[in-house]
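Pasting final.txt here (compact mmCIF, C-alpha atoms):
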# COMPACT_ATOMS: atom_id res chain seq x y z
CA MET A 1 30.82 -9.46 -9.10
CA GLU A 2 30.51 -6.30 -7.00
CA GLN A 3 28.77 -6.79 -3.65
CA PRO A 4 25.40 -4.94 -3.49
CA LEU A 5 25.07 -2.05 -1.09
CA THR A 6 23.64 -2.80 2.33
CA LEU A 7 20.60 -0.87 3.50
CA ALA A 8 22.75 0.90 6.08
CA ALA A 9 25.37 1.91 3.49
CA TYR A 10 22.75 3.08 0.99
CA PHE A 11 20.88 5.33 3.39
CA SER A 12 24.02 6.56 5.12
CA GLY A 13 25.48 7.59 1.77
CA TRP A 14 22.21 9.15 0.72
CA ALA A 15 21.89 10.96 4.03
CA GLY A 16 25.20 12.78 3.82
CA ASN A 17 25.70 15.14 6.75
CA ARG A 18 22.23 16.62 6.95
CA PRO A 19 20.78 15.81 10.41
CA ALA A 20 17.23 15.14 9.21
CA ARG A 21 18.48 12.67 6.63
CA LEU A 22 20.74 10.95 9.12
CA ALA A 23 17.67 10.53 11.33
CA ILE A 24 15.80 8.93 8.43
CA ALA A 25 18.70 6.53 7.85
CA ALA A 26 18.73 5.51 11.52
CA THR A 27 14.97 4.99 11.48
CA MET A 28 15.14 2.84 8.35
CA GLU A 29 17.78 0.66 10.01
CA ALA A 30 15.58 0.28 13.10
CA LEU A 31 12.59 -0.74 10.98
CA ALA A 32 14.79 -3.22 9.11
CA SER A 33 15.98 -4.82 12.34
CA ALA A 34 12.36 -5.39 13.36
CA ALA A 35 11.60 -6.87 9.94
CA VAL A 36 14.47 -9.37 10.24
CA GLU A 37 13.20 -10.53 13.61
CA LEU A 38 9.61 -10.70 12.41
CA SER A 39 10.62 -12.58 9.25
CA ASP A 40 12.40 -15.22 11.35
CA LEU A 41 9.37 -15.58 13.59
CA LEU A 42 6.93 -15.92 10.69
CA ALA A 43 9.16 -18.53 9.05
CA LEU A 44 8.60 -20.79 12.06
CA GLY A 45 4.90 -21.05 11.24
CA ALA A 46 2.98 -23.31 13.63
CA LEU A 47 6.21 -23.97 15.54
CA ALA A 48 5.95 -20.43 16.92
CA GLY A 49 2.50 -21.10 18.38
CA PRO A 50 -1.01 -19.92 17.41
CA MET A 51 0.04 -16.71 15.65
CA GLY A 52 -3.21 -16.59 13.68
CA ARG A 53 -5.37 -16.72 16.82
CA LEU A 54 -8.08 -14.05 16.76
CA THR A 55 -7.84 -11.63 19.69
CA GLY A 56 -10.57 -9.14 18.76
CA LEU A 57 -11.78 -6.60 16.22
CA LYS A 58 -10.32 -3.24 15.16
CA GLY A 59 -13.37 -1.13 14.39
CA ASP A 60 -16.33 -2.79 12.70
CA VAL A 61 -14.64 -5.12 10.22
CA ASP A 62 -10.90 -5.67 10.75
CA GLU A 63 -9.82 -8.68 12.76
CA GLN A 64 -6.89 -8.42 15.16
CA LYS A 65 -4.71 -11.50 15.50
CA GLU A 66 -2.05 -12.51 17.99
CA ILE A 67 0.73 -11.86 15.47
CA ASP A 68 -0.56 -8.29 14.87
CA LEU A 69 0.11 -7.47 18.51
CA VAL A 70 3.50 -9.22 18.48
CA ALA A 71 4.55 -7.20 15.41
CA ASN A 72 3.28 -3.96 16.94
CA ASN A 73 5.20 -4.49 20.18
CA LEU A 74 8.35 -5.35 18.26
CA LEU A 75 8.15 -2.11 16.30
CA ILE A 76 7.63 -0.12 19.49
CA ASP A 77 10.76 -1.67 20.98
CA VAL A 78 13.05 -0.89 18.03
CA LEU A 79 11.70 2.61 17.43
CA ARG A 80 12.29 3.60 21.05
CA LYS A 81 15.99 3.55 20.12
CA ALA A 82 15.50 5.55 16.91
CA PRO A 83 15.08 9.33 16.45
CA VAL A 84 11.28 9.02 16.43
CA ALA A 85 9.03 11.36 18.40
CA ALA A 86 5.87 9.25 18.20
CA LEU A 87 4.48 6.10 16.61
CA ALA A 88 1.00 5.67 15.17
CA SER A 89 -0.20 2.17 14.37
CA GLU A 90 -3.24 0.39 13.03
CA GLU A 91 -3.11 -1.63 16.26
CA MET A 92 -3.34 1.43 18.54
CA GLU A 93 -6.18 3.90 18.78
CA ALA A 94 -3.91 6.85 19.59
CA PRO A 95 -0.23 7.63 18.89
CA LEU A 96 2.44 6.54 21.37
CA LEU A 97 4.93 9.24 22.42
CA LEU A 98 8.51 7.93 22.31
CA ASP A 99 10.83 10.96 22.39
CA ALA A 100 9.20 14.39 22.26
CA LYS A 101 12.40 16.06 20.99
CA ALA A 102 13.04 13.67 18.08
CA PRO A 103 12.59 14.96 14.50
CA LEU A 104 10.46 12.20 12.98
CA LEU A 105 7.07 10.53 13.19
CA VAL A 106 6.42 6.95 12.07
CA ALA A 107 3.04 5.41 11.20
CA VAL A 108 2.69 1.70 10.45
CA ASP A 109 0.47 -1.20 9.63
CA PRO A 110 2.58 -3.70 11.61
CA LEU A 111 1.37 -6.77 9.72
CA ASP A 112 -0.66 -6.14 6.59
CA GLY A 113 -2.51 -9.21 5.33
CA SER A 114 -2.30 -11.06 8.64
CA SER A 115 -5.60 -12.82 7.88
CA ASN A 116 -3.54 -14.88 5.40
CA ILE A 117 -0.98 -16.07 7.92
CA ASP A 118 -2.46 -19.53 8.45
CA ALA A 119 -2.61 -20.02 4.66
CA ASN A 120 1.18 -19.43 4.42
CA ALA A 121 0.63 -16.51 2.01
CA SER A 122 2.90 -13.46 1.72
CA ILE A 123 2.21 -10.68 4.23
CA GLY A 124 4.09 -7.54 5.19
CA THR A 125 4.73 -4.36 7.18
CA ILE A 126 3.78 -0.98 5.68
CA PHE A 127 5.34 2.21 7.04
CA THR A 128 5.64 5.92 6.48
CA VAL A 129 8.11 8.43 7.96
CA LEU A 130 6.84 12.00 8.44
CA PRO A 131 8.39 15.19 9.86
CA ALA A 132 7.63 15.75 13.55
CA LEU A 133 5.43 18.70 14.50
CA GLU A 134 4.35 20.18 17.83
CA HIS A 135 2.34 17.95 20.17
CA ASN A 136 3.54 14.78 18.49
CA ASP A 137 1.56 12.49 20.77
CA ASP A 138 -1.64 14.01 19.41
CA PRO A 139 -3.26 12.36 16.35
CA SER A 140 -3.35 15.74 14.60
CA ALA A 141 0.46 15.64 14.19
CA PHE A 142 0.01 12.68 11.82
CA LEU A 143 -2.67 14.35 9.70
CA GLN A 144 -0.22 15.22 6.93
CA ARG A 145 -0.70 14.77 3.20
CA GLY A 146 1.20 12.00 1.47
CA VAL A 147 3.39 14.57 -0.29
CA ASN A 148 4.91 15.34 3.14
CA GLN A 149 6.41 11.85 3.51
CA LEU A 150 10.16 11.69 4.08
CA ALA A 151 10.43 7.94 3.52
CA GLY A 152 7.95 5.13 3.06
CA GLY A 153 7.40 1.65 1.75
CA PHE A 154 6.86 -1.89 2.94
CA PHE A 155 8.55 -5.11 3.97
CA LEU A 156 7.24 -8.27 2.31
CA TYR A 157 7.60 -11.62 4.08
CA GLY A 158 7.34 -14.31 1.42
CA PRO A 159 9.68 -16.76 -0.35
CA GLN A 160 12.13 -13.87 -0.04
CA THR A 161 11.95 -11.10 2.53
CA VAL A 162 12.26 -7.77 0.75
CA LEU A 163 12.06 -4.08 1.51
CA VAL A 164 10.44 -1.79 -1.08
CA SER A 165 11.22 1.80 -0.17
CA THR A 166 11.49 5.35 -1.37
CA ALA A 167 12.84 8.55 0.10
CA GLY A 168 11.82 10.64 -2.89
CA ALA A 169 14.66 9.61 -5.22
CA GLY A 170 13.05 6.70 -7.04
CA THR A 171 11.91 3.34 -5.67
CA GLN A 172 14.44 0.75 -4.53
CA ILE A 173 14.13 -2.92 -3.54
CA PHE A 174 16.39 -4.50 -0.92
CA THR A 175 16.50 -8.27 -0.39
CA LEU A 176 17.27 -9.85 2.96
CA ASP A 177 20.42 -11.98 2.88
CA ARG A 178 19.59 -14.52 5.56
CA ARG A 179 23.22 -15.60 5.77
CA SER A 180 24.26 -12.23 7.15
CA GLY A 181 20.91 -10.88 8.37
CA THR A 182 21.30 -7.74 6.26
CA PHE A 183 19.22 -6.14 3.52
CA LEU A 184 21.12 -5.73 0.23
CA LEU A 185 20.18 -3.39 -2.63
CA THR A 186 19.05 -5.66 -5.50
CA HIS A 187 16.91 -3.26 -7.57
CA PRO A 188 18.38 0.28 -7.51
CA LYS A 189 15.68 1.82 -9.71
CA VAL A 190 12.28 0.18 -10.12
CA GLU A 191 10.41 1.29 -13.25
CA LEU A 192 6.78 0.43 -13.92
CA PRO A 193 5.64 -0.02 -17.53
CA LEU A 194 3.18 2.67 -18.62
CA ARG A 195 0.56 0.13 -19.66
CA THR A 196 -0.55 -3.23 -18.34
CA SER A 197 -2.91 -6.11 -19.07
CA GLU A 198 -3.13 -7.35 -15.48
CA TYR A 199 -5.39 -6.09 -12.73
CA ALA A 200 -5.84 -6.88 -9.04
CA VAL A 201 -9.29 -6.50 -7.50
CA ASN A 202 -11.54 -8.36 -5.06
CA ASP A 203 -14.02 -9.71 -7.61
CA SER A 204 -16.37 -10.96 -4.89
CA ASN A 205 -17.39 -7.32 -4.29
CA THR A 206 -18.70 -6.79 -7.84
CA ARG A 207 -22.30 -6.37 -6.75
CA HIS A 208 -21.33 -3.54 -4.38
CA TRP A 209 -19.27 -1.45 -6.82
CA ASP A 210 -20.30 1.91 -8.23
CA ASP A 211 -20.64 2.27 -12.01
CA PRO A 212 -17.09 3.55 -12.77
CA VAL A 213 -15.37 0.53 -11.23
CA ARG A 214 -17.94 -1.90 -12.59
CA THR A 215 -17.45 -0.46 -16.10
CA TYR A 216 -13.66 -0.65 -15.85
CA ILE A 217 -13.66 -4.30 -14.76
CA ASP A 218 -16.37 -5.27 -17.28
CA ASP A 219 -14.21 -3.80 -20.05
CA CYS A 220 -11.19 -5.83 -18.86
CA ARG A 221 -13.25 -9.03 -18.69
CA ARG A 222 -14.44 -8.66 -22.26
CA GLY A 223 -10.85 -8.82 -23.47
CA LYS A 224 -10.10 -8.63 -27.19
CA GLU A 225 -13.78 -8.51 -28.08
CA GLY A 226 -14.40 -5.53 -25.79
CA PRO A 227 -13.58 -1.82 -26.03
CA ARG A 228 -10.03 -2.33 -24.65
CA GLY A 229 -9.09 -4.56 -27.60
CA ARG A 230 -6.82 -6.90 -25.61
CA ASP A 231 -7.07 -9.68 -23.05
CA PHE A 232 -6.48 -9.03 -19.34
CA ASN A 233 -5.48 -11.34 -16.48
CA MET A 234 -6.71 -10.93 -12.91
CA ARG A 235 -4.53 -11.58 -9.85
CA TRP A 236 -5.63 -11.09 -6.23
CA THR A 237 -4.01 -12.28 -3.00
CA GLY A 238 -5.99 -10.38 -0.35
CA SER A 239 -2.65 -9.01 0.89
CA PRO A 240 -1.95 -5.52 -0.54
CA VAL A 241 1.82 -5.78 -0.05
CA ALA A 242 1.93 -8.97 -2.14
CA ASP A 243 -0.21 -7.42 -4.89
CA PHE A 244 1.88 -4.25 -4.94
CA TYR A 245 5.14 -6.16 -5.07
CA ARG A 246 3.89 -8.10 -8.08
CA ILE A 247 2.82 -4.87 -9.78
CA LEU A 248 6.20 -3.24 -9.09
CA SER A 249 7.90 -6.35 -10.49
CA ARG A 250 6.01 -6.57 -13.81
CA GLY A 251 3.35 -3.88 -14.06
CA GLY A 252 -0.34 -3.96 -13.26
CA ILE A 253 -3.11 -2.01 -11.59
CA TYR A 254 -4.55 -2.42 -8.09
CA LEU A 255 -8.09 -1.36 -7.24
CA TYR A 256 -9.66 -1.22 -3.79
CA PRO A 257 -12.51 1.24 -4.33
CA GLY A 258 -15.17 2.51 -2.04
CA ASP A 259 -18.47 0.75 -2.60
CA LYS A 260 -22.14 0.83 -1.65
CA ARG A 261 -21.74 -0.87 1.73
CA ARG A 262 -21.88 1.53 4.67
CA GLU A 263 -18.61 0.38 6.23
CA PHE A 264 -16.70 0.57 2.92
CA ARG A 265 -18.23 3.71 1.44
CA ASN A 266 -14.83 5.40 1.82
CA GLY A 267 -12.74 2.38 0.84
CA ARG A 268 -10.96 -0.23 2.96
CA LEU A 269 -7.31 0.82 3.15
CA ARG A 270 -6.13 3.32 5.76
CA LEU A 271 -4.92 6.57 4.19
CA ILE A 272 -1.95 7.55 6.35
CA TYR A 273 -0.09 4.30 6.98
CA GLU A 274 -1.28 2.05 4.12
CA ALA A 275 -2.47 3.91 1.02
CA SER A 276 -0.04 6.87 1.17
CA PRO A 277 3.23 4.89 1.36
CA LEU A 278 1.97 2.37 -1.23
CA ALA A 279 0.99 5.24 -3.53
CA TRP A 280 4.36 6.93 -3.09
CA VAL A 281 6.48 3.89 -3.99
CA VAL A 282 4.29 3.43 -7.09
CA GLU A 283 4.63 7.08 -8.13
CA GLN A 284 8.39 7.02 -7.57
CA ALA A 285 8.56 3.99 -9.88
CA GLY A 286 6.83 5.94 -12.66
CA GLY A 287 3.28 4.83 -11.87
CA ALA A 288 0.25 6.71 -10.60
CA ALA A 289 -2.10 6.53 -7.62
CA SER A 290 -5.60 7.99 -7.42
CA THR A 291 -8.73 7.86 -5.32
CA GLY A 292 -10.62 7.84 -8.63
CA LYS A 293 -11.25 11.55 -8.22
CA GLU A 294 -7.87 13.02 -7.25
CA ARG A 295 -4.21 12.22 -6.74
CA LEU A 296 -4.08 10.25 -3.52
CA LEU A 297 -0.94 11.94 -2.17
CA GLU A 298 -2.73 15.32 -2.24
CA VAL A 299 -5.54 14.20 0.08
CA SER A 300 -5.53 15.94 3.47
CA PRO A 301 -6.31 13.38 6.23
CA LYS A 302 -9.14 14.18 8.59
CA SER A 303 -8.53 11.41 11.13
CA LEU A 304 -5.71 9.05 12.10
CA HIS A 305 -7.40 5.85 10.91
CA GLN A 306 -9.24 7.34 7.94
CA ARG A 307 -10.04 4.96 5.08
CA ILE A 308 -9.61 5.88 1.41
CA PRO A 309 -10.32 4.34 -2.03
CA LEU A 310 -7.15 3.45 -3.94
CA ILE A 311 -6.40 2.85 -7.62
CA ALA A 312 -2.65 2.49 -8.23
CA GLY A 313 -0.17 1.00 -10.68
CA SER A 314 0.88 1.48 -14.30
CA ARG A 315 0.25 5.12 -15.15
CA LYS A 316 -1.80 4.84 -18.34
CA GLU A 317 -4.10 2.25 -16.82
CA VAL A 318 -4.70 4.30 -13.66
CA GLU A 319 -5.45 7.35 -15.80
CA HIS A 320 -7.96 5.33 -17.83
CA ALA A 321 -9.71 4.07 -14.67
CA ALA A 322 -9.77 7.59 -13.19
CA ARG A 323 -11.35 9.05 -16.35
CA LEU A 324 -14.32 6.73 -15.86
CA HIS A 325 -14.99 8.48 -12.56
CA ASP A 326 -15.68 11.86 -14.20
CA GLY A 327 -19.17 10.65 -15.11
CA LEU A 328 -19.16 11.65 -18.77
CA GLN A 329 -17.96 8.36 -20.18
CA ILE A 330 -20.21 6.38 -17.84
CA ARG A 331 -23.32 8.23 -19.05
CA GLY A 332 -22.43 7.30 -22.59
CA GLU A 333 -21.82 3.68 -21.63
CA ARG A 334 -25.20 3.42 -19.89
CA SER A 335 -27.26 5.24 -22.54
CA PRO A 336 -29.89 2.96 -24.12
CA LEU A 337 -28.96 4.21 -27.60
CA PHE A 338 -25.19 4.53 -27.38
CA SER A 339 -24.20 1.77 -24.96
CA ARG A 340 -22.31 -1.31 -26.11
CA ARG A 341 -25.58 -3.11 -26.69
CA GLY A 342 -27.43 -0.03 -27.89
CA LEU A 343 -28.95 0.58 -31.29
CA LEU A 344 -26.38 3.22 -32.28
CA ARG A 345 -23.18 1.50 -31.10
CA PHE A 346 -20.13 2.77 -33.04

With the file now loaded, output its structure as structure tokens.
Amino acid sequence: MEQPLTLAAYFSGWAGNRPARLAIAATMEALASAAVELSDLLALGALAGPMGRLTGLKGDVDEQKEIDLVANNLLIDVLRKAPVAALASEEMEAPLLLDAKAPLLVAVDPLDGSSNIDANASIGTIFTVLPALEHNDDPSAFLQRGVNQLAGGFFLYGPQTVLVSTAGAGTQIFTLDRRSGTFLLTHPKVELPLRTSEYAVNDSNTRHWDDPVRTYIDDCRRGKEGPRGRDFNMRWTGSPVADFYRILSRGGIYLYPGDKRREFRNGRLRLIYEASPLAWVVEQAGGAASTGKERLLEVSPKSLHQRIPLIAGSRKEVEHAARLHDGLQIRGERSPLFSRRGLLRF
């Protein structure tokens, strides 16, 4: 059996001799080295100390744990040796200048889902690689649309440690071979099914949802007897990287909408370093990603830590959910005469 390509070999071959692409390859290798170290640390669990200890809050709602800071510092260390001009992170209010002359910017969520660490659930690192601009230590340099990404994806630390990535030529999955400490290409071309009967959503927020999301989920719950004509399953881990990996493995749709609460009016996920790279790997696998009103990768960021609603996964299902946001179908659903329980139901 032929030995799978290593991450280094894959990106070096893809990079060819073009300097910008060689820089991307070097940056991917640096990120992978941090992921190997972080994976080993996480595998120690309680033996590594109180990694889940709360150290403070990021903004109004997000908790910051000890392991978030450890992961952030580890990424800073490895990216200092990579061709990266500046690093933006969920754990830092402003970007950190690393090498003003370097051609790339990196933005990260160092440890997505860290609230699950004490429950031994899968968590991960989300990243995006962007072209460097002028004044790269300024947040405005990172305010680029998702379509500008040069590479992006996430590492998932679970039963296996994997890297899901794209550089605009499809979505690939690399699996960490712990025997050698290297990532090997195990899924050269991930392809999402067009349709799905599985959705991921935080059902505890039902009472806060706007009508389009409430209608979509109600339709799924009603199964064969409802307007969708088939049964759906719900899966939710509270760790976006785990939910997205499952969707990339077998199809599905992920919804984290904005809702009626003041702090979540614009969604929960951060646009630049969470939603954009997740949306891109889904699109490159044949899926779709939307805010409910527009393609997510076309959104122009207004601030470094901006939040955004996200609906992503199997293309036909995302398109169906997005259509509910145009208002026309919702008005019909809520009409006293024409609703599902109305007198003139068809």

For Val190 in chain A: contacts at 7 Å, only C-alpha atoms, fewer than 4 positions along chain excluded, given as a PyMOL selection string:
chain A and resi 171-172+285

Expected answer as a PyMOL selection string: all residues with atoms within 12 Å of (-0.4, -20.7, 1.9), all atoms listed in the file
chain A and resi 45+114-123+158-159+237-239

To one decimal place, how far is CA of Gly124 in chain A from CA of Ala102 in chain A in Å?
26.4 Å

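As for CA of Tyr199 in chain A and CA of Lys260 in chain A, they are spaced 21.2 Å apart.
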
Excluding Asn72 in chain A and its own-chain neighbours fewer than 6 positions away, which residues fall within 10 Å of it when counting only C-alpha atoms? Please give them as a count of residues only.
10

List the spatial neighbours of Leu310 in chain A as a ChimeraX atom specification - criterion: any atom at most 8 Å away, all atoms listed in the file, same-chain residues fewer than 5 positions off excluded.
/A:254-257,267,269,275,289-292,296

Residue contacts of range 143-151 of chain A (10 Å, all atoms listed in the file) excluding same-chain residues fewer than 3 positions away, as a PyMOL selection string
chain A and resi 20-21+24-25+27-28+104-106+127-131+138-140+165-169+271-273+275-277+279-281+295-306

Within-9 Å shell of (0.7, 1.0, -11.6) in input frame, all atoms listed in the file, as a list of chain:residue names
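Residues satisfying the cut-off, written out: A:Leu192, A:Pro193, A:Leu194, A:Arg195, A:Thr196, A:Phe244, A:Ile247, A:Leu248, A:Gly251, A:Gly252, A:Ile253, A:Tyr254, A:Val282, A:Glu283, A:Ala285, A:Gly286, A:Gly287, A:Ala288, A:Ala289, A:Ile311, A:Ala312, A:Gly313, A:Ser314, A:Arg315, A:Lys316, A:Glu317, A:Val318.
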
Export C-alpha atoms of the chosen residues as a PDB file, keeping the file's coordinate frame?
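Heads up, here's the output in part36.pdb:
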ATOM      1  CA  LEU A 192       6.780   0.430 -13.920  1.00  0.00           C
ATOM      2  CA  PRO A 193       5.640  -0.020 -17.530  1.00  0.00           C
ATOM      3  CA  LEU A 194       3.180   2.670 -18.620  1.00  0.00           C
ATOM      4  CA  ARG A 195       0.560   0.130 -19.660  1.00  0.00           C
ATOM      5  CA  THR A 196      -0.550  -3.230 -18.340  1.00  0.00           C
ATOM      6  CA  PHE A 244       1.880  -4.250  -4.940  1.00  0.00           C
ATOM      7  CA  ILE A 247       2.820  -4.870  -9.780  1.00  0.00           C
ATOM      8  CA  LEU A 248       6.200  -3.240  -9.090  1.00  0.00           C
ATOM      9  CA  GLY A 251       3.350  -3.880 -14.060  1.00  0.00           C
ATOM     10  CA  GLY A 252      -0.340  -3.960 -13.260  1.00  0.00           C
ATOM     11  CA  ILE A 253      -3.110  -2.010 -11.590  1.00  0.00           C
ATOM     12  CA  TYR A 254      -4.550  -2.420  -8.090  1.00  0.00           C
ATOM     13  CA  VAL A 282       4.290   3.430  -7.090  1.00  0.00           C
ATOM     14  CA  GLU A 283       4.630   7.080  -8.130  1.00  0.00           C
ATOM     15  CA  ALA A 285       8.560   3.990  -9.880  1.00  0.00           C
ATOM     16  CA  GLY A 286       6.830   5.940 -12.660  1.00  0.00           C
ATOM     17  CA  GLY A 287       3.280   4.830 -11.870  1.00  0.00           C
ATOM     18  CA  ALA A 288       0.250   6.710 -10.600  1.00  0.00           C
ATOM     19  CA  ALA A 289      -2.100   6.530  -7.620  1.00  0.00           C
ATOM     20  CA  ILE A 311      -6.400   2.850  -7.620  1.00  0.00           C
ATOM     21  CA  ALA A 312      -2.650   2.490  -8.230  1.00  0.00           C
ATOM     22  CA  GLY A 313      -0.170   1.000 -10.680  1.00  0.00           C
ATOM     23  CA  SER A 314       0.880   1.480 -14.300  1.00  0.00           C
ATOM     24  CA  ARG A 315       0.250   5.120 -15.150  1.00  0.00           C
ATOM     25  CA  LYS A 316      -1.800   4.840 -18.340  1.00  0.00           C
ATOM     26  CA  GLU A 317      -4.100   2.250 -16.820  1.00  0.00           C
ATOM     27  CA  VAL A 318      -4.700   4.300 -13.660  1.00  0.00           C
TER      28      VAL A 318
END

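With distances restricted to all atoms listed in the file, A:Lys101 is the closest residue to Asp137 in chain A from A:Met51, A:Lys101, A:Val36, A:Leu5.
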
Name all residues at most 7 Å from Leu7 in chain A (count only C-alpha atoms; drop same-chain ones fewer than 6 positions away) and give them as a count of residues only.
3

If I take CA of Asp203 in chain A and CA of Arg235 in chain A, how far is one from the other in Å, to one decimal?
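CA of Arg235 in chain A lies at a distance of 9.9 Å from CA of Asp203 in chain A.
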
Let me make sure I understand: among A:Ala9, A:Asp243, A:Ala100, A:Ala82, which one has the smallest atom-to-atom distance to Phe154 in chain A if we use only C-alpha atoms?
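Among the listed residues, the smallest separation from Phe154 in chain A belongs to A:Asp243.
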
Identify which of the residues A:Arg214, A:Arg230, A:Lys293, A:Arg178 lies closest to Asn202 in chain A, counting only C-alpha atoms when measuring atom-to-atom distances.
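Closest to Asn202 in chain A of all the choices is A:Arg214.
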
Which of these residues is nearest to Arg80 in chain A, using all atoms listed in the file: A:Asp99, A:Asp211, A:Glu263, A:Glu274?
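Between A:Asp99, A:Asp211, A:Glu263, A:Glu274, the residue approaching Arg80 in chain A most closely is A:Asp99.
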